[in-house]
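As structure tokens, the structure follows; a few thoughts come after it.
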Amino acid sequence: MLKSIMSVSLSLAALLMFSATATIAAAAEKPFAIAIHGGAGTIQKAKFTPEREKAYRAKLQEAVETGYAVLDKGGKSLEAVTAAINVLENSPFFNAGKGAVYTHQGQHELDASIMDGKTRQAGAVAGVKHIENPINLARLVMEESVHVMLSGNGAETFATEHGVPLVDNKIFDTEHRYKSLQRAKEKMLKAEKQHKDYQAAHQLLDSEYKVGTVGAVALDKMGNIAAGTSTGGMTNKRFGRIGDSPVIGAGTFAENESCAVSATGHGEYFIRYNVAADICARVKYQGKSIEQAGNEVIHDVLMPVGGTGGVIIIDTKGNISLPFNTKGMYRATKSNSAPTYVAIFKDE
Ligand code: ASP
């Protein structure tokens, strides 16, 4: 009798131990991951010196690892997205914050948005000129206002009311973007002289003038996903032009039931084709994988109509997909089950 009681309690203890180990293992296995992009376009190896390429890769690595560290410590996906984007906004290499492209009038007008996949809360700013890190202001709009999108002066007044300092538009200046503006203007002038209308002339600009945004998507340990995007828009854009990046559903989208997406590319197409939301809708309603849904929209929908660009996508299982239809896309990923991956060109 005593023997059988002992053996029952022993096996009970073994069972408890087993289930404790199983819980620990399950907890350890909970996926968390992040993906970032620094824009898609005519990015060709031949145009890089080895030093320049190394510097871009190092910055992408820094951004993805900054976001990953937030997740690793148990931080929210929203925080990881913001932290990673801040690194890219503060770098002159990318078309967001410092290093943003110029409008036709020689200024910088910045757009950004962020979305929380758990709550479907979202925040966006458009056409701001004096905000050092537009993604942070987008988040503030989401968290501290009753609105989703604020633009121009209204967004900047909201910023000052919430203690965000306004900065001189010149802090976003870089020589290489200024040269791009001059080159874009010359090309447009030439095309217009050949009796092409503005729209046709604009189509002739290489995609390097049109793309270069930054963005991030992340999955945290709590199982929630988020997406964010920040940009200076397109070189030589009309003042007041707003692209897809601050438009929820076009440049940014996140819902836990499907996926989180941040886009980069020719914004007018991404708005008209509702790119980010379309990818997630295919996942949600057609049961497609993020890879399948992303490839369909980027290659089968956008490509034939001339919409150049790419997206980064994540789901709540930690799957990541990075489809683009341009020569390259600055990108990086890191997850608790895979080491840092950094790439610029196709087929890397
Ligand atoms: N999508 C951005 C825009 O149209 C540009 C980019 O991704 O580089 O404003």
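Every chain in the structure tokens takes a letter, A first, then B, and so on in the order presented; its residues are numbered from 1, and the ligands are numbered from 1 following the presented order.
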Excluding segment 112-126 of chain A and any residue of its chain fewer than 2 positions from it, enumerate the residues within 6 Å of it, using only C-alpha atoms, and give them as number ranges by chain. A: 128, 134-135, 138-139, 141-142, 148-151, 224-230, 245-246, 254-256
Write a file of the selected residues as a PDB file, in the first residue's frame, keeping N, CA, C and O atoms.
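So result_2.pdb came out as:
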```pdb
ATOM      1  N   VAL A 128       5.139  67.138 -42.233  1.00  0.00           N
ATOM      2  CA  VAL A 128       5.743  67.928 -41.154  1.00  0.00           C
ATOM      3  C   VAL A 128       7.155  68.346 -41.573  1.00  0.00           C
ATOM      4  O   VAL A 128       7.847  67.622 -42.282  1.00  0.00           O
ATOM      5  N   PRO A 134       9.828  61.895 -36.934  1.00  0.00           N
ATOM      6  CA  PRO A 134       8.379  61.861 -37.208  1.00  0.00           C
ATOM      7  C   PRO A 134       7.666  60.602 -36.687  1.00  0.00           C
ATOM      8  O   PRO A 134       6.496  60.665 -36.333  1.00  0.00           O
ATOM      9  N   ILE A 135       8.379  59.470 -36.632  1.00  0.00           N
ATOM     10  CA  ILE A 135       7.698  58.248 -36.153  1.00  0.00           C
ATOM     11  C   ILE A 135       7.268  58.403 -34.691  1.00  0.00           C
ATOM     12  O   ILE A 135       6.215  57.900 -34.296  1.00  0.00           O
ATOM     13  N   ALA A 138       4.113  60.370 -34.711  1.00  0.00           N
ATOM     14  CA  ALA A 138       2.991  59.517 -35.158  1.00  0.00           C
ATOM     15  C   ALA A 138       2.477  58.694 -33.974  1.00  0.00           C
ATOM     16  O   ALA A 138       1.270  58.553 -33.767  1.00  0.00           O
ATOM     17  N   ARG A 139       3.415  58.195 -33.199  1.00  0.00           N
ATOM     18  CA  ARG A 139       3.026  57.375 -32.035  1.00  0.00           C
ATOM     19  C   ARG A 139       2.295  58.219 -30.986  1.00  0.00           C
ATOM     20  O   ARG A 139       1.326  57.772 -30.364  1.00  0.00           O
ATOM     21  N   VAL A 141       0.506  60.836 -31.648  1.00  0.00           N
ATOM     22  CA  VAL A 141      -0.846  61.075 -32.186  1.00  0.00           C
ATOM     23  C   VAL A 141      -1.740  59.872 -31.850  1.00  0.00           C
ATOM     24  O   VAL A 141      -2.889  60.031 -31.422  1.00  0.00           O
ATOM     25  N   MET A 142      -1.180  58.685 -31.998  1.00  0.00           N
ATOM     26  CA  MET A 142      -1.946  57.472 -31.690  1.00  0.00           C
ATOM     27  C   MET A 142      -2.309  57.403 -30.203  1.00  0.00           C
ATOM     28  O   MET A 142      -3.444  57.085 -29.857  1.00  0.00           O
ATOM     29  N   VAL A 148      -6.342  59.894 -35.903  1.00  0.00           N
ATOM     30  CA  VAL A 148      -5.354  58.981 -36.473  1.00  0.00           C
ATOM     31  C   VAL A 148      -4.265  59.782 -37.203  1.00  0.00           C
ATOM     32  O   VAL A 148      -3.086  59.502 -37.069  1.00  0.00           O
ATOM     33  N   MET A 149      -4.649  60.795 -37.955  1.00  0.00           N
ATOM     34  CA  MET A 149      -3.647  61.505 -38.757  1.00  0.00           C
ATOM     35  C   MET A 149      -3.719  63.020 -38.555  1.00  0.00           C
ATOM     36  O   MET A 149      -4.796  63.603 -38.626  1.00  0.00           O
ATOM     37  N   LEU A 150      -2.553  63.608 -38.298  1.00  0.00           N
ATOM     38  CA  LEU A 150      -2.456  65.066 -38.227  1.00  0.00           C
ATOM     39  C   LEU A 150      -1.450  65.507 -39.280  1.00  0.00           C
ATOM     40  O   LEU A 150      -0.454  64.834 -39.527  1.00  0.00           O
ATOM     41  N   SER A 151      -1.701  66.694 -39.877  1.00  0.00           N
ATOM     42  CA  SER A 151      -0.791  67.137 -40.932  1.00  0.00           C
ATOM     43  C   SER A 151      -0.261  68.542 -40.669  1.00  0.00           C
ATOM     44  O   SER A 151      -0.856  69.307 -39.899  1.00  0.00           O
ATOM     45  N   ASN A 224       2.114  40.066 -29.889  1.00  0.00           N
ATOM     46  CA  ASN A 224       1.512  41.186 -30.624  1.00  0.00           C
ATOM     47  C   ASN A 224       2.456  41.727 -31.698  1.00  0.00           C
ATOM     48  O   ASN A 224       3.657  41.839 -31.478  1.00  0.00           O
ATOM     49  N   ILE A 225       1.855  42.094 -32.837  1.00  0.00           N
ATOM     50  CA  ILE A 225       2.670  42.644 -33.924  1.00  0.00           C
ATOM     51  C   ILE A 225       2.377  44.132 -34.120  1.00  0.00           C
ATOM     52  O   ILE A 225       1.322  44.635 -33.707  1.00  0.00           O
ATOM     53  N   ALA A 226       3.332  44.829 -34.726  1.00  0.00           N
ATOM     54  CA  ALA A 226       3.179  46.269 -35.007  1.00  0.00           C
ATOM     55  C   ALA A 226       3.968  46.605 -36.258  1.00  0.00           C
ATOM     56  O   ALA A 226       4.881  45.866 -36.649  1.00  0.00           O
ATOM     57  N   ALA A 227       3.602  47.736 -36.874  1.00  0.00           N
ATOM     58  CA  ALA A 227       4.320  48.194 -38.071  1.00  0.00           C
ATOM     59  C   ALA A 227       4.478  49.702 -38.026  1.00  0.00           C
ATOM     60  O   ALA A 227       3.623  50.408 -37.465  1.00  0.00           O
ATOM     61  N   GLY A 228       5.566  50.198 -38.609  1.00  0.00           N
ATOM     62  CA  GLY A 228       5.775  51.644 -38.689  1.00  0.00           C
ATOM     63  C   GLY A 228       6.579  51.993 -39.928  1.00  0.00           C
ATOM     64  O   GLY A 228       7.371  51.177 -40.426  1.00  0.00           O
ATOM     65  N   THR A 229       6.365  53.215 -40.432  1.00  0.00           N
ATOM     66  CA  THR A 229       7.050  53.670 -41.642  1.00  0.00           C
ATOM     67  C   THR A 229       7.340  55.159 -41.512  1.00  0.00           C
ATOM     68  O   THR A 229       6.520  55.903 -40.959  1.00  0.00           O
ATOM     69  N   SER A 230       8.501  55.594 -42.019  1.00  0.00           N
ATOM     70  CA  SER A 230       8.852  57.018 -41.938  1.00  0.00           C
ATOM     71  C   SER A 230       9.591  57.408 -43.205  1.00  0.00           C
ATOM     72  O   SER A 230      10.435  56.655 -43.702  1.00  0.00           O
ATOM     73  N   SER A 245       3.232  56.475 -47.173  1.00  0.00           N
ATOM     74  CA  SER A 245       3.806  56.101 -45.862  1.00  0.00           C
ATOM     75  C   SER A 245       2.935  56.476 -44.659  1.00  0.00           C
ATOM     76  O   SER A 245       2.862  55.702 -43.707  1.00  0.00           O
ATOM     77  N   PRO A 246       2.281  57.637 -44.646  1.00  0.00           N
ATOM     78  CA  PRO A 246       1.436  57.936 -43.496  1.00  0.00           C
ATOM     79  C   PRO A 246       0.002  57.416 -43.658  1.00  0.00           C
ATOM     80  O   PRO A 246      -0.829  57.639 -42.773  1.00  0.00           O
ATOM     81  N   ALA A 254      -1.251  46.886 -39.547  1.00  0.00           N
ATOM     82  CA  ALA A 254      -0.972  45.809 -38.593  1.00  0.00           C
ATOM     83  C   ALA A 254      -2.253  45.352 -37.921  1.00  0.00           C
ATOM     84  O   ALA A 254      -3.035  46.176 -37.431  1.00  0.00           O
ATOM     85  N   GLU A 255      -2.490  44.047 -37.925  1.00  0.00           N
ATOM     86  CA  GLU A 255      -3.556  43.452 -37.104  1.00  0.00           C
ATOM     87  C   GLU A 255      -3.100  42.046 -36.755  1.00  0.00           C
ATOM     88  O   GLU A 255      -2.617  41.304 -37.615  1.00  0.00           O
ATOM     89  N   ASN A 256      -3.245  41.684 -35.486  1.00  0.00           N
ATOM     90  CA  ASN A 256      -2.749  40.389 -35.025  1.00  0.00           C
ATOM     91  C   ASN A 256      -3.349  39.215 -35.805  1.00  0.00           C
ATOM     92  O   ASN A 256      -2.708  38.191 -35.972  1.00  0.00           O
TER      93      ASN A 256
END
```
Could the residues that lie within 8 Å of ligand 1, counting only C-alpha atoms and all ligand atoms, be listed as a list of chain:residue names? A:Gly39, A:Ala40, A:Gly41, A:Asn95, A:Asp111, A:Lys210, A:Val211, A:Gly212, A:Thr213, A:Val214, A:Thr231, A:Gly232, A:Gly233, A:Met234, A:Ile242, A:Gly243, A:Asp244, A:Ser245, A:Gly251, A:Ala263, A:Thr264, A:Gly265, A:His266, A:Gly267, A:Glu268, A:Phe270, A:Gly309
Got time to write the residues from that selection, N, CA and C atoms, as a tab-separated table (two decimals), in the first residue's frame?
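What follows is the written file selection_24.tsv:
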```
chain	number	residue	atom	x	y	z
A	39	GLY	N	14.30	51.20	-47.62
A	39	GLY	CA	13.91	51.66	-48.95
A	39	GLY	C	14.28	50.68	-50.04
A	40	ALA	N	13.49	50.72	-51.12
A	40	ALA	CA	13.73	49.86	-52.28
A	40	ALA	C	13.95	50.75	-53.49
A	41	GLY	N	14.69	50.25	-54.46
A	41	GLY	CA	14.91	51.06	-55.67
A	41	GLY	C	16.00	50.50	-56.54
A	95	ASN	N	16.21	57.89	-46.56
A	95	ASN	CA	15.28	58.97	-46.87
A	95	ASN	C	14.19	59.08	-45.79
A	111	ASP	N	6.72	62.39	-43.68
A	111	ASP	CA	5.49	61.63	-43.38
A	111	ASP	C	5.85	60.40	-42.55
A	210	LYS	N	12.62	58.12	-56.50
A	210	LYS	CA	11.25	58.02	-56.00
A	210	LYS	C	11.17	57.23	-54.71
A	211	VAL	N	12.19	56.48	-54.39
A	211	VAL	CA	12.08	55.59	-53.23
A	211	VAL	C	13.18	55.82	-52.18
A	212	GLY	N	13.09	55.13	-51.04
A	212	GLY	CA	14.15	55.24	-50.03
A	212	GLY	C	13.68	55.35	-48.59
A	213	THR	N	12.41	55.18	-48.40
A	213	THR	CA	11.78	55.21	-47.08
A	213	THR	C	12.36	54.20	-46.08
A	214	VAL	N	12.07	54.38	-44.79
A	214	VAL	CA	12.45	53.37	-43.80
A	214	VAL	C	11.21	52.82	-43.09
A	231	THR	N	9.30	58.59	-43.75
A	231	THR	CA	9.88	58.95	-45.05
A	231	THR	C	9.98	60.46	-45.28
A	232	GLY	N	10.85	60.79	-46.22
A	232	GLY	CA	10.89	62.15	-46.75
A	232	GLY	C	10.08	62.23	-48.04
A	233	GLY	N	9.53	61.09	-48.47
A	233	GLY	CA	8.71	61.07	-49.68
A	233	GLY	C	9.54	60.88	-50.93
A	234	MET	N	9.20	61.60	-52.00
A	234	MET	CA	9.91	61.43	-53.26
A	234	MET	C	10.62	62.71	-53.68
A	242	ILE	N	1.48	64.20	-50.38
A	242	ILE	CA	1.55	63.18	-49.34
A	242	ILE	C	1.61	61.81	-50.02
A	243	GLY	N	2.53	60.99	-49.59
A	243	GLY	CA	2.66	59.65	-50.19
A	243	GLY	C	1.88	58.61	-49.41
A	244	ASP	N	2.28	57.36	-49.60
A	244	ASP	CA	1.58	56.25	-48.95
A	244	ASP	C	2.01	56.03	-47.51
A	245	SER	N	3.23	56.48	-47.17
A	245	SER	CA	3.81	56.10	-45.86
A	245	SER	C	2.93	56.48	-44.66
A	251	GLY	N	0.74	52.34	-46.80
A	251	GLY	CA	2.16	52.17	-46.48
A	251	GLY	C	2.41	51.42	-45.20
A	263	ALA	N	5.71	49.46	-46.04
A	263	ALA	CA	6.01	49.48	-47.48
A	263	ALA	C	7.02	50.56	-47.85
A	264	THR	N	7.64	50.37	-48.99
A	264	THR	CA	8.49	51.39	-49.59
A	264	THR	C	8.34	51.29	-51.10
A	265	GLY	N	8.21	52.42	-51.75
A	265	GLY	CA	8.05	52.38	-53.20
A	265	GLY	C	7.33	53.61	-53.69
A	266	HIS	N	6.89	53.54	-54.92
A	266	HIS	CA	6.23	54.68	-55.56
A	266	HIS	C	4.84	54.86	-54.92
A	267	GLY	N	4.79	55.82	-53.99
A	267	GLY	CA	3.65	55.96	-53.10
A	267	GLY	C	2.28	56.04	-53.76
A	268	GLU	N	2.23	56.71	-54.91
A	268	GLU	CA	0.92	56.89	-55.56
A	268	GLU	C	0.30	55.53	-55.88
A	270	PHE	N	1.04	52.69	-54.29
A	270	PHE	CA	0.76	51.99	-53.03
A	270	PHE	C	-0.54	52.48	-52.40
A	309	GLY	N	8.58	48.91	-55.96
A	309	GLY	CA	8.81	48.99	-54.51
A	309	GLY	C	8.80	47.62	-53.86
```
Selection: 12 Å around Pro304 of chain A, only C-alpha atoms, excl. self and same-chain fewer than 6 positions, as a list in words: Tyr269, Glu296, Val297, Ile298 and Asn325 of chain A
How would the residues just picked look written out with N, CA, C and O atoms as a PDB file, in the first residue's frame?
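The resulting file, out.pdb, is shown below:
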```pdb
ATOM      1  N   TYR A 269       1.124  54.575 -56.310  1.00  0.00           N
ATOM      2  CA  TYR A 269       0.629  53.218 -56.601  1.00  0.00           C
ATOM      3  C   TYR A 269       0.230  52.501 -55.321  1.00  0.00           C
ATOM      4  O   TYR A 269      -0.768  51.788 -55.272  1.00  0.00           O
ATOM      5  N   GLU A 296       2.134  38.026 -54.320  1.00  0.00           N
ATOM      6  CA  GLU A 296       1.037  38.328 -55.253  1.00  0.00           C
ATOM      7  C   GLU A 296       0.897  39.831 -55.454  1.00  0.00           C
ATOM      8  O   GLU A 296       0.809  40.318 -56.580  1.00  0.00           O
ATOM      9  N   VAL A 297       0.869  40.562 -54.336  1.00  0.00           N
ATOM     10  CA  VAL A 297       0.609  42.004 -54.451  1.00  0.00           C
ATOM     11  C   VAL A 297       1.802  42.728 -55.082  1.00  0.00           C
ATOM     12  O   VAL A 297       1.633  43.569 -55.971  1.00  0.00           O
ATOM     13  N   ILE A 298       3.004  42.379 -54.658  1.00  0.00           N
ATOM     14  CA  ILE A 298       4.193  43.076 -55.177  1.00  0.00           C
ATOM     15  C   ILE A 298       4.489  42.701 -56.633  1.00  0.00           C
ATOM     16  O   ILE A 298       4.787  43.570 -57.471  1.00  0.00           O
ATOM     17  N   ASN A 325      10.064  44.350 -55.998  1.00  0.00           N
ATOM     18  CA  ASN A 325      10.163  44.179 -57.448  1.00  0.00           C
ATOM     19  C   ASN A 325      11.166  45.150 -58.072  1.00  0.00           C
ATOM     20  O   ASN A 325      11.105  45.415 -59.268  1.00  0.00           O
TER      21      ASN A 325
END
```
Would you pick out the contacts of Phe345 of chain A at 9 Å or less, using only C-alpha atoms, so that residues sharing its chain but fewer than 5 positions from it are not included, and give the list as a PDB file with C-alpha atoms, in the first residue's frame?
```pdb
ATOM      1  CA  ILE A  43      20.195  49.848 -55.802  1.00  0.00           C
ATOM      2  CA  GLN A  44      23.065  48.248 -57.725  1.00  0.00           C
ATOM      3  CA  LYS A  45      26.287  46.812 -56.413  1.00  0.00           C
ATOM      4  CA  LYS A 327      16.821  45.878 -58.150  1.00  0.00           C
ATOM      5  CA  GLY A 328      17.380  46.010 -54.418  1.00  0.00           C
ATOM      6  CA  MET A 329      15.918  46.811 -51.022  1.00  0.00           C
ATOM      7  CA  TYR A 330      17.868  47.698 -47.905  1.00  0.00           C
TER       8      TYR A 330
END
```
Interatomic distance (Å, one decimal) between atom CA of Glu144 of chain A and atom CA of Glu161 of chain A: 10.8 Å
Which of segment 98-286 of chain A counts as alpha helix (DSSP H) under DSSP, as a PyMOL selection string please? chain A and resi 134-144+152-161+175-193+198-204+267-272+275-286
Selection from above, C-alpha atoms, as an mmCIF file, in the first residue's frame, can you write it?
```cif
data_model
loop_
_atom_site.group_PDB
_atom_site.id
_atom_site.type_symbol
_atom_site.label_atom_id
_atom_site.label_comp_id
_atom_site.auth_asym_id
_atom_site.auth_seq_id
_atom_site.Cartn_x
_atom_site.Cartn_y
_atom_site.Cartn_z
ATOM 1 C CA PRO A 134 8.379 61.861 -37.208
ATOM 2 C CA ILE A 135 7.698 58.248 -36.153
ATOM 3 C CA ASN A 136 7.696 59.343 -32.509
ATOM 4 C CA LEU A 137 5.152 62.031 -33.270
ATOM 5 C CA ALA A 138 2.991 59.517 -35.158
ATOM 6 C CA ARG A 139 3.026 57.375 -32.035
ATOM 7 C CA LEU A 140 2.106 60.356 -29.893
ATOM 8 C CA VAL A 141 -0.846 61.075 -32.186
ATOM 9 C CA MET A 142 -1.946 57.472 -31.690
ATOM 10 C CA GLU A 143 -1.540 57.529 -27.927
ATOM 11 C CA GLU A 144 -2.400 61.100 -26.954
ATOM 12 C CA GLY A 152 1.442 70.188 -41.378
ATOM 13 C CA ASN A 153 1.036 73.026 -38.865
ATOM 14 C CA GLY A 154 -1.631 71.156 -36.921
ATOM 15 C CA ALA A 155 0.712 68.243 -36.335
ATOM 16 C CA GLU A 156 3.521 70.583 -35.303
ATOM 17 C CA THR A 157 1.328 72.530 -32.888
ATOM 18 C CA PHE A 158 0.249 69.208 -31.379
ATOM 19 C CA ALA A 159 3.958 68.336 -31.072
ATOM 20 C CA THR A 160 4.811 71.528 -29.176
ATOM 21 C CA GLU A 161 1.830 71.049 -26.888
ATOM 22 C CA GLU A 175 24.599 67.098 -50.083
ATOM 23 C CA HIS A 176 23.818 63.853 -51.887
ATOM 24 C CA ARG A 177 20.052 64.441 -51.690
ATOM 25 C CA TYR A 178 20.521 68.020 -52.903
ATOM 26 C CA LYS A 179 22.436 66.738 -55.929
ATOM 27 C CA SER A 180 19.638 64.235 -56.562
ATOM 28 C CA LEU A 181 17.145 67.099 -56.605
ATOM 29 C CA GLN A 182 19.234 68.993 -59.180
ATOM 30 C CA ARG A 183 19.560 65.881 -61.350
ATOM 31 C CA ALA A 184 15.844 65.137 -61.066
ATOM 32 C CA LYS A 185 14.993 68.716 -62.082
ATOM 33 C CA GLU A 186 17.286 68.561 -65.131
ATOM 34 C CA LYS A 187 15.748 65.272 -66.238
ATOM 35 C CA MET A 188 12.244 66.604 -65.826
ATOM 36 C CA LEU A 189 13.068 69.761 -67.762
ATOM 37 C CA LYS A 190 14.483 67.752 -70.629
ATOM 38 C CA ALA A 191 11.433 65.523 -70.759
ATOM 39 C CA GLU A 192 9.081 68.489 -70.617
ATOM 40 C CA LYS A 193 10.931 70.159 -73.479
ATOM 41 C CA TYR A 198 4.442 66.453 -66.202
ATOM 42 C CA GLN A 199 3.152 63.022 -65.379
ATOM 43 C CA ALA A 200 4.887 61.383 -68.306
ATOM 44 C CA ALA A 201 8.108 63.229 -67.458
ATOM 45 C CA HIS A 202 7.859 62.089 -63.873
ATOM 46 C CA GLN A 203 7.488 58.497 -64.992
ATOM 47 C CA LEU A 204 10.880 58.814 -66.702
ATOM 48 C CA GLY A 267 3.646 55.955 -53.100
ATOM 49 C CA GLU A 268 0.922 56.890 -55.562
ATOM 50 C CA TYR A 269 0.629 53.218 -56.601
ATOM 51 C CA PHE A 270 0.764 51.986 -53.032
ATOM 52 C CA ILE A 271 -2.142 54.266 -52.144
ATOM 53 C CA ARG A 272 -4.256 53.328 -55.152
ATOM 54 C CA VAL A 275 -0.960 47.614 -50.673
ATOM 55 C CA ALA A 276 -0.382 46.929 -46.973
ATOM 56 C CA ALA A 277 -4.049 46.227 -46.222
ATOM 57 C CA ASP A 278 -4.473 44.127 -49.373
ATOM 58 C CA ILE A 279 -1.632 41.829 -48.311
ATOM 59 C CA CYS A 280 -3.164 41.345 -44.857
ATOM 60 C CA ALA A 281 -6.649 40.835 -46.329
ATOM 61 C CA ARG A 282 -5.341 37.995 -48.499
ATOM 62 C CA VAL A 283 -3.868 36.392 -45.379
ATOM 63 C CA LYS A 284 -7.049 36.887 -43.375
ATOM 64 C CA TYR A 285 -9.764 36.036 -45.864
ATOM 65 C CA GLN A 286 -7.984 33.711 -48.289
#
```
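The spacing separating atom CA of Phe172 of chain A from atom CA of Gly67 of chain A amounts to 23.1 Å.
Closest approach to Gly75 of chain A among A:Asp168, A:Asp173, A:Asp220, A:Glu89: A:Asp220, based on only C-alpha atoms.
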Shell of 6 Å around Asp315 of chain A, only C-alpha atoms, local chain residues under 3 positions omitted, as a PDB file with C-alpha atoms, in the first residue's frame:
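Below you can see selection.pdb, which holds the result:
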```
ATOM      1  CA  CYS A 259      -0.015  40.450 -40.442  1.00  0.00           C
ATOM      2  CA  GLY A 318       7.268  35.064 -36.347  1.00  0.00           C
ATOM      3  CA  ASN A 319       7.269  34.334 -40.088  1.00  0.00           C
TER       4      ASN A 319
END
```
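What separates atom CA of Ser91 of chain A from atom CA of Lys54 of chain A is a distance of 14.3 Å.
Nearest to Thr235 of chain A of all the residues A:Val101, A:Val146, A:Leu78, A:Ala35 is A:Val101, counting only C-alpha atoms.
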Near-Lys76 of chain A list (8 Å; only C-alpha atoms; drop same-chain fewer than 2 positions) as a VMD selection string: chain A and resid 70 to 71 74 78 to 80 220 to 222 224
Output file for the selection above: N, CA, C and O atoms, as a tab-separated table (two decimals), in the first residue's frame:
```tsv
chain	number	residue	atom	x	y	z
A	70	VAL	N	15.05	45.53	-27.69
A	70	VAL	CA	13.81	45.93	-27.00
A	70	VAL	C	12.92	44.69	-26.81
A	70	VAL	O	12.39	44.45	-25.72
A	71	LEU	N	12.78	43.90	-27.85
A	71	LEU	CA	11.93	42.70	-27.78
A	71	LEU	C	12.51	41.67	-26.81
A	71	LEU	O	11.78	41.05	-26.04
A	74	GLY	N	11.69	42.03	-23.37
A	74	GLY	CA	10.26	41.91	-23.06
A	74	GLY	C	9.46	43.14	-23.45
A	74	GLY	O	8.29	43.27	-23.08
A	78	LEU	N	5.57	47.66	-30.57
A	78	LEU	CA	5.48	49.08	-30.92
A	78	LEU	C	6.77	49.82	-30.57
A	78	LEU	O	7.24	50.68	-31.32
A	79	GLU	N	7.31	49.47	-29.38
A	79	GLU	CA	8.55	50.11	-28.94
A	79	GLU	C	9.73	49.69	-29.80
A	79	GLU	O	10.59	50.51	-30.13
A	80	ALA	N	9.76	48.42	-30.17
A	80	ALA	CA	10.86	47.93	-31.02
A	80	ALA	C	10.84	48.62	-32.38
A	80	ALA	O	11.88	49.03	-32.91
A	220	ASP	N	6.32	40.80	-30.66
A	220	ASP	CA	6.90	40.75	-29.32
A	220	ASP	C	6.56	39.44	-28.59
A	220	ASP	O	5.80	38.60	-29.11
A	221	LYS	N	7.13	39.27	-27.40
A	221	LYS	CA	6.94	38.02	-26.66
A	221	LYS	C	5.50	37.82	-26.20
A	221	LYS	O	5.11	36.72	-25.84
A	222	MET	N	4.72	38.91	-26.19
A	222	MET	CA	3.32	38.78	-25.80
A	222	MET	C	2.47	38.32	-26.99
A	222	MET	O	1.27	38.15	-26.87
A	224	ASN	N	2.11	40.07	-29.89
A	224	ASN	CA	1.51	41.19	-30.62
A	224	ASN	C	2.46	41.73	-31.70
A	224	ASN	O	3.66	41.84	-31.48
```
Identify all residues of segment 64-295 of chain A in strand (DSSP E or B) (DSSP on the backbone) and supply them as a VMD selection string. chain A and resid 103 110 to 116 122 to 128 149 to 151 214 to 219 225 to 231 237 248 252 to 254 260 to 265
